[in-house]
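The block underneath contains the structure these notes are about, expressed in structure tokens.
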Number of protein chains: 2
Amino acid sequence: MWLRIEARSSIPVYQQVVDGVKSAVAKRLLQPGDRLPAVRDLATELTVNHNTVQKAYQELEREHVIEVVRGKGTYISRNPSIPNERERREALYKEMVRWVIEAHHLRIRDDELLKLLRTAMQDIHQGGDEGAMNGDHCRGSRELDEDV
Amino acid sequence: MWLRIEARSSIPVYQQVVDGVKSAVAKRLLQPGDRLPAVRDLATELTVNHNTVQKAYQELEREHVIEVVRGKGTYISRNPSIPNERERREALYKEMVRWVIEAHHLRIRDDELLKLLRTAMQDIHQGGDEGAMNGDHCRGSRELDEDV
DNA sequence: CCGTGTGTACTAGTCAATGTGGTACACATG
DNA sequence: CATGTGTACCACATTGACTAGTACACACGG
């Protein structure tokens with residue numbers, strides 16, 4: 001599956017679902033037009049309440065990542081527009097500043113941080129599963145993926 | 001002041017205080033040995049409860065950003081060690097993967113994202129000269145070393 | 001020793017977000 | 001109409017953040 005939930009995580013379940021779908025789209029594991037599981041089906045599979053899944057789908061629809069057809073199903077958007085683009089760009093930038101600060105306190109130098117970002121980009125574009133980090137992030141750490 | 005709180009933000013107040021202090025340290029607005037306001041004073045100034053400020057100070061002490069002397073005051077650490085370095089590095093990397101995904105959905109190209117990061121770095125280091133960031137790489141984790 | 005300023009600890013309570021469980025409704029398709 | 005889909009409620013429990021108030025512990029200078 002292209003989605004795995006960590007029940008122990010402090011991140012809300014619905015947020016994990018949102019992130020998981022967006023991640024799968026970025027990795028092209030989900031293509032435009034692909035159908036997502038029904039709300040209740042996915043809820044059963046993840047052993048969470050259907051309302052929780054629905055909240056995730058609602059959020060994904062607000063972000064135009066998916067499209068919903070009542071009575072039929074939910075699908076990955078074909079021509080996604082970008083709502084709240086300005087705010088989201090600003091939020092992204094704020095997060096980046098935040099982690100530059102964190103990097104400073106971890107004594108990570110600027111060039112190391114840039115290298116880390118390049119590694120993250122490769123991780124996404126090569127379709128791996130983001131879960132596995134083997135601890136050596138300073139050079140390109142490529143740990144191989146799961147099964148399908 | 002080196003600290004401003006947004007009451008409307010979804011980010012908890014105590015977290016904003018933690019981030020604010022760490023940011024000021026990274027920007028060298030606060031130097032090692034500098035004294036922070038008393039818990040109650042800062043609480044009054046920010047119009048929050050003293051317990052909230054204390055929670056922030058506690059967190060900062062856990063991260064060895066500040067040092068606390070009972071009955072005297074709190075001070076920016078002189079020789080900060082790095083607790084939980086490995087976990088924090090992994091958390092940082094996970095966050096970076098999130099950026100890449102978000103950037104994809106914002107149609108931000110890789111080179112743009114790298115440029116954004118460079119800008120964020122300049123925002124932090126602006127004006128100040130940054131001399132001695134030591135060349136400590138992944139392996140070099142400092143060992144704890146105590147007191148004032 | 002005492003007063004003052006400091007950090008710390010504890011209890012009680014409010015509020016909002018999250019998640020569950022259940023029920024009911026709306027729409028599309030065959 | 002039956003079925004599978006998304007949607008909309010409701011009541012409830014749990015958790016984290018925050019407020020409010022009180023009390024204690026320690027350092028320092030009279």
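Chain identifiers are assigned as A, B, and so on, following the order in which chains appear in the structure tokens; residues are numbered from 1 within each chain, and ligands are numbered from 1 in order of appearance.
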Requested in this report: Determine, counting only C-alpha atoms (C1' of nucleotides), which protein, DNA and RNA residues have an atom within 12 Å of an atom of DT14 of chain C; residues of the same chain fewer than 6 positions away are not included. Present the result as an NGL selection string.
Outcome: :D and (17-20)
Requested in this report: Write down as a VMD selection string the residues belonging to segment 24-137 of chain B that are assigned strand (DSSP E) by DSSP computed on the backbone.
Outcome: chain B and resid 66 to 69 73 to 76
Query raised in the report: Computed after least-squares fitting of chain B to chain A on all C-alpha atoms in order, what is the RMSD in Å?
Result: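 Fitting chain B to chain A over paired C-alpha atoms yields 10.3 Å.
Our summary of the geometry notes that atom CA of Arg98 of chain B is positioned 19.0 Å from atom CA of Met1 of chain A.
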Exercise answer, chain B residues close to chain C, 7 Å and only C-alpha atoms (C1' of nucleotides), as a short mmCIF file (atom, residue, chain, number, x, y, z; two decimals) with C-alpha atoms, in the first residue's frame:
```
data_model
loop_
_atom_site.label_atom_id
_atom_site.label_comp_id
_atom_site.auth_asym_id
_atom_site.auth_seq_id
_atom_site.Cartn_x
_atom_site.Cartn_y
_atom_site.Cartn_z
CA ARG B 70 17.80 28.47 41.07
CA GLY B 71 17.30 31.72 42.84
CA LYS B 72 19.42 33.66 40.39
CA GLY B 73 18.10 33.48 36.87
#
```
Query - chain D residues near chain A (12 Å cut-off, only C-alpha atoms (C1' of nucleotides)) as a ChimeraX atom specification - result: /D:3-9,15-16
Produce a file of the selected residues containing N, CA, C and O atoms (P, O5', C5', C4', C3', O3' and C1' of nucleotides), as a CSV table (one decimal), in the first residue's frame.
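Contents of part.csv, as written:
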```
chain,number,residue,atom,x,y,z
D,3,DT,P,-29.2,-5.0,-1.3
D,3,DT,O5',-28.0,-4.2,-1.9
D,3,DT,C5',-27.5,-4.4,-3.2
D,3,DT,C4',-26.5,-3.4,-3.6
D,3,DT,C3',-25.5,-3.1,-2.5
D,3,DT,O3',-24.2,-3.3,-3.0
D,3,DT,C1',-26.3,-1.1,-3.5
D,4,DG,P,-22.9,-3.4,-1.9
D,4,DG,O5',-22.1,-2.1,-2.2
D,4,DG,C5',-21.7,-1.9,-3.6
D,4,DG,C4',-21.3,-0.5,-3.8
D,4,DG,C3',-20.4,0.1,-2.8
D,4,DG,O3',-19.3,0.8,-3.5
D,4,DG,C1',-22.2,1.5,-3.1
D,5,DT,P,-18.0,1.2,-2.6
D,5,DT,O5',-18.3,2.8,-2.4
D,5,DT,C5',-17.8,3.7,-3.4
D,5,DT,C4',-18.7,4.9,-3.4
D,5,DT,C3',-18.4,5.9,-2.2
D,5,DT,O3',-17.2,6.6,-2.5
D,5,DT,C1',-20.7,5.8,-2.8
D,6,DG,P,-16.4,7.3,-1.3
D,6,DG,O5',-17.1,8.7,-1.1
D,6,DG,C5',-17.2,9.6,-2.1
D,6,DG,C4',-18.2,10.6,-1.8
D,6,DG,C3',-17.9,11.6,-0.7
D,6,DG,O3',-18.2,12.9,-1.0
D,6,DG,C1',-19.9,10.5,-0.2
D,7,DT,P,-17.8,14.1,0.0
D,7,DT,O5',-19.1,14.1,1.0
D,7,DT,C5',-20.3,14.6,0.5
D,7,DT,C4',-21.4,14.8,1.6
D,7,DT,C3',-20.9,15.6,2.8
D,7,DT,O3',-21.7,16.7,2.9
D,7,DT,C1',-22.0,13.6,3.5
D,8,DA,P,-21.3,17.9,3.9
D,8,DA,O5',-22.3,17.6,5.1
D,8,DA,C5',-23.6,17.2,4.8
D,8,DA,C4',-24.4,16.9,6.1
D,8,DA,C3',-23.8,17.7,7.3
D,8,DA,O3',-24.9,18.4,8.0
D,8,DA,C1',-23.9,15.4,7.8
D,9,DC,P,-24.7,19.6,8.9
D,9,DC,O5',-25.3,19.2,10.3
D,9,DC,C5',-24.6,18.3,11.0
D,9,DC,C4',-25.6,17.4,11.7
D,9,DC,C3',-25.4,17.3,13.2
D,9,DC,O3',-26.5,17.9,13.9
D,9,DC,C1',-25.2,15.1,12.2
D,15,DT,P,-5.9,9.8,27.3
D,15,DT,O5',-5.2,11.1,26.6
D,15,DT,C5',-5.1,11.2,25.2
D,15,DT,C4',-4.8,12.6,24.8
D,15,DT,C3',-3.8,13.3,25.7
D,15,DT,O3',-2.6,13.6,24.9
D,15,DT,C1',-5.6,14.7,25.2
D,16,DG,P,-1.3,14.2,25.7
D,16,DG,O5',-1.3,15.7,25.2
D,16,DG,C5',-1.5,16.0,23.8
D,16,DG,C4',-1.7,17.5,23.7
D,16,DG,C3',-0.7,18.3,24.4
D,16,DG,O3',-0.2,19.4,23.5
D,16,DG,C1',-2.9,18.9,25.1
```
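Close contacts of Thr47 of chain B, defined as residues with an atom at most 10 Å away when counting only C-alpha atoms (C1' of nucleotides), with chain neighbours fewer than 4 positions off set aside, comprise Ile5, Ala7, Arg40, Asp41, Leu42 and Ala43 of chain B.
Counting only C-alpha atoms, every residue of chain A that comes within 6 Å of chain B is listed here: A:Ser23, A:Ala26, A:Val97, A:Ile101, A:Ala120.
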Would you mind exporting the chosen residues as a tab-separated table (two decimals), in the first residue's frame, restricted to all heavy atoms?
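Written file, out_16.tsv:
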```
chain	number	residue	atom	x	y	z
A	23	SER	N	2.08	12.57	-0.64
A	23	SER	CA	3.38	11.96	-0.87
A	23	SER	C	3.32	10.97	-2.03
A	23	SER	O	4.18	10.98	-2.91
A	23	SER	CB	3.84	11.25	0.41
A	23	SER	OG	4.98	10.49	0.16
A	26	ALA	N	3.21	12.84	-5.21
A	26	ALA	CA	4.52	13.40	-5.55
A	26	ALA	C	5.46	12.31	-6.08
A	26	ALA	O	6.28	12.55	-6.96
A	26	ALA	CB	5.14	14.08	-4.33
A	97	VAL	N	12.85	28.48	7.48
A	97	VAL	CA	13.61	29.30	8.44
A	97	VAL	C	13.72	28.58	9.77
A	97	VAL	O	14.78	28.52	10.40
A	97	VAL	CB	12.93	30.67	8.63
A	97	VAL	CG1	13.57	31.42	9.78
A	97	VAL	CG2	13.01	31.48	7.35
A	101	ILE	N	17.21	27.29	11.72
A	101	ILE	CA	17.55	27.55	13.12
A	101	ILE	C	17.88	26.23	13.83
A	101	ILE	O	18.87	26.13	14.54
A	101	ILE	CB	16.37	28.26	13.82
A	101	ILE	CG1	16.21	29.67	13.25
A	101	ILE	CG2	16.60	28.31	15.32
A	101	ILE	CD1	14.90	30.34	13.64
A	120	ALA	N	16.90	14.60	-0.01
A	120	ALA	CA	15.45	14.43	0.15
A	120	ALA	C	14.76	14.45	-1.20
A	120	ALA	O	13.84	13.67	-1.46
A	120	ALA	CB	14.90	15.53	1.06
```
Report task. Pick out each residue of segment 32-122 of chain A that DSSP on the backbone tags as helix (DSSP H, G or I); I need them as a ChimeraX atom specification. Result -> /A:39-46,50-62,85-105,110-122
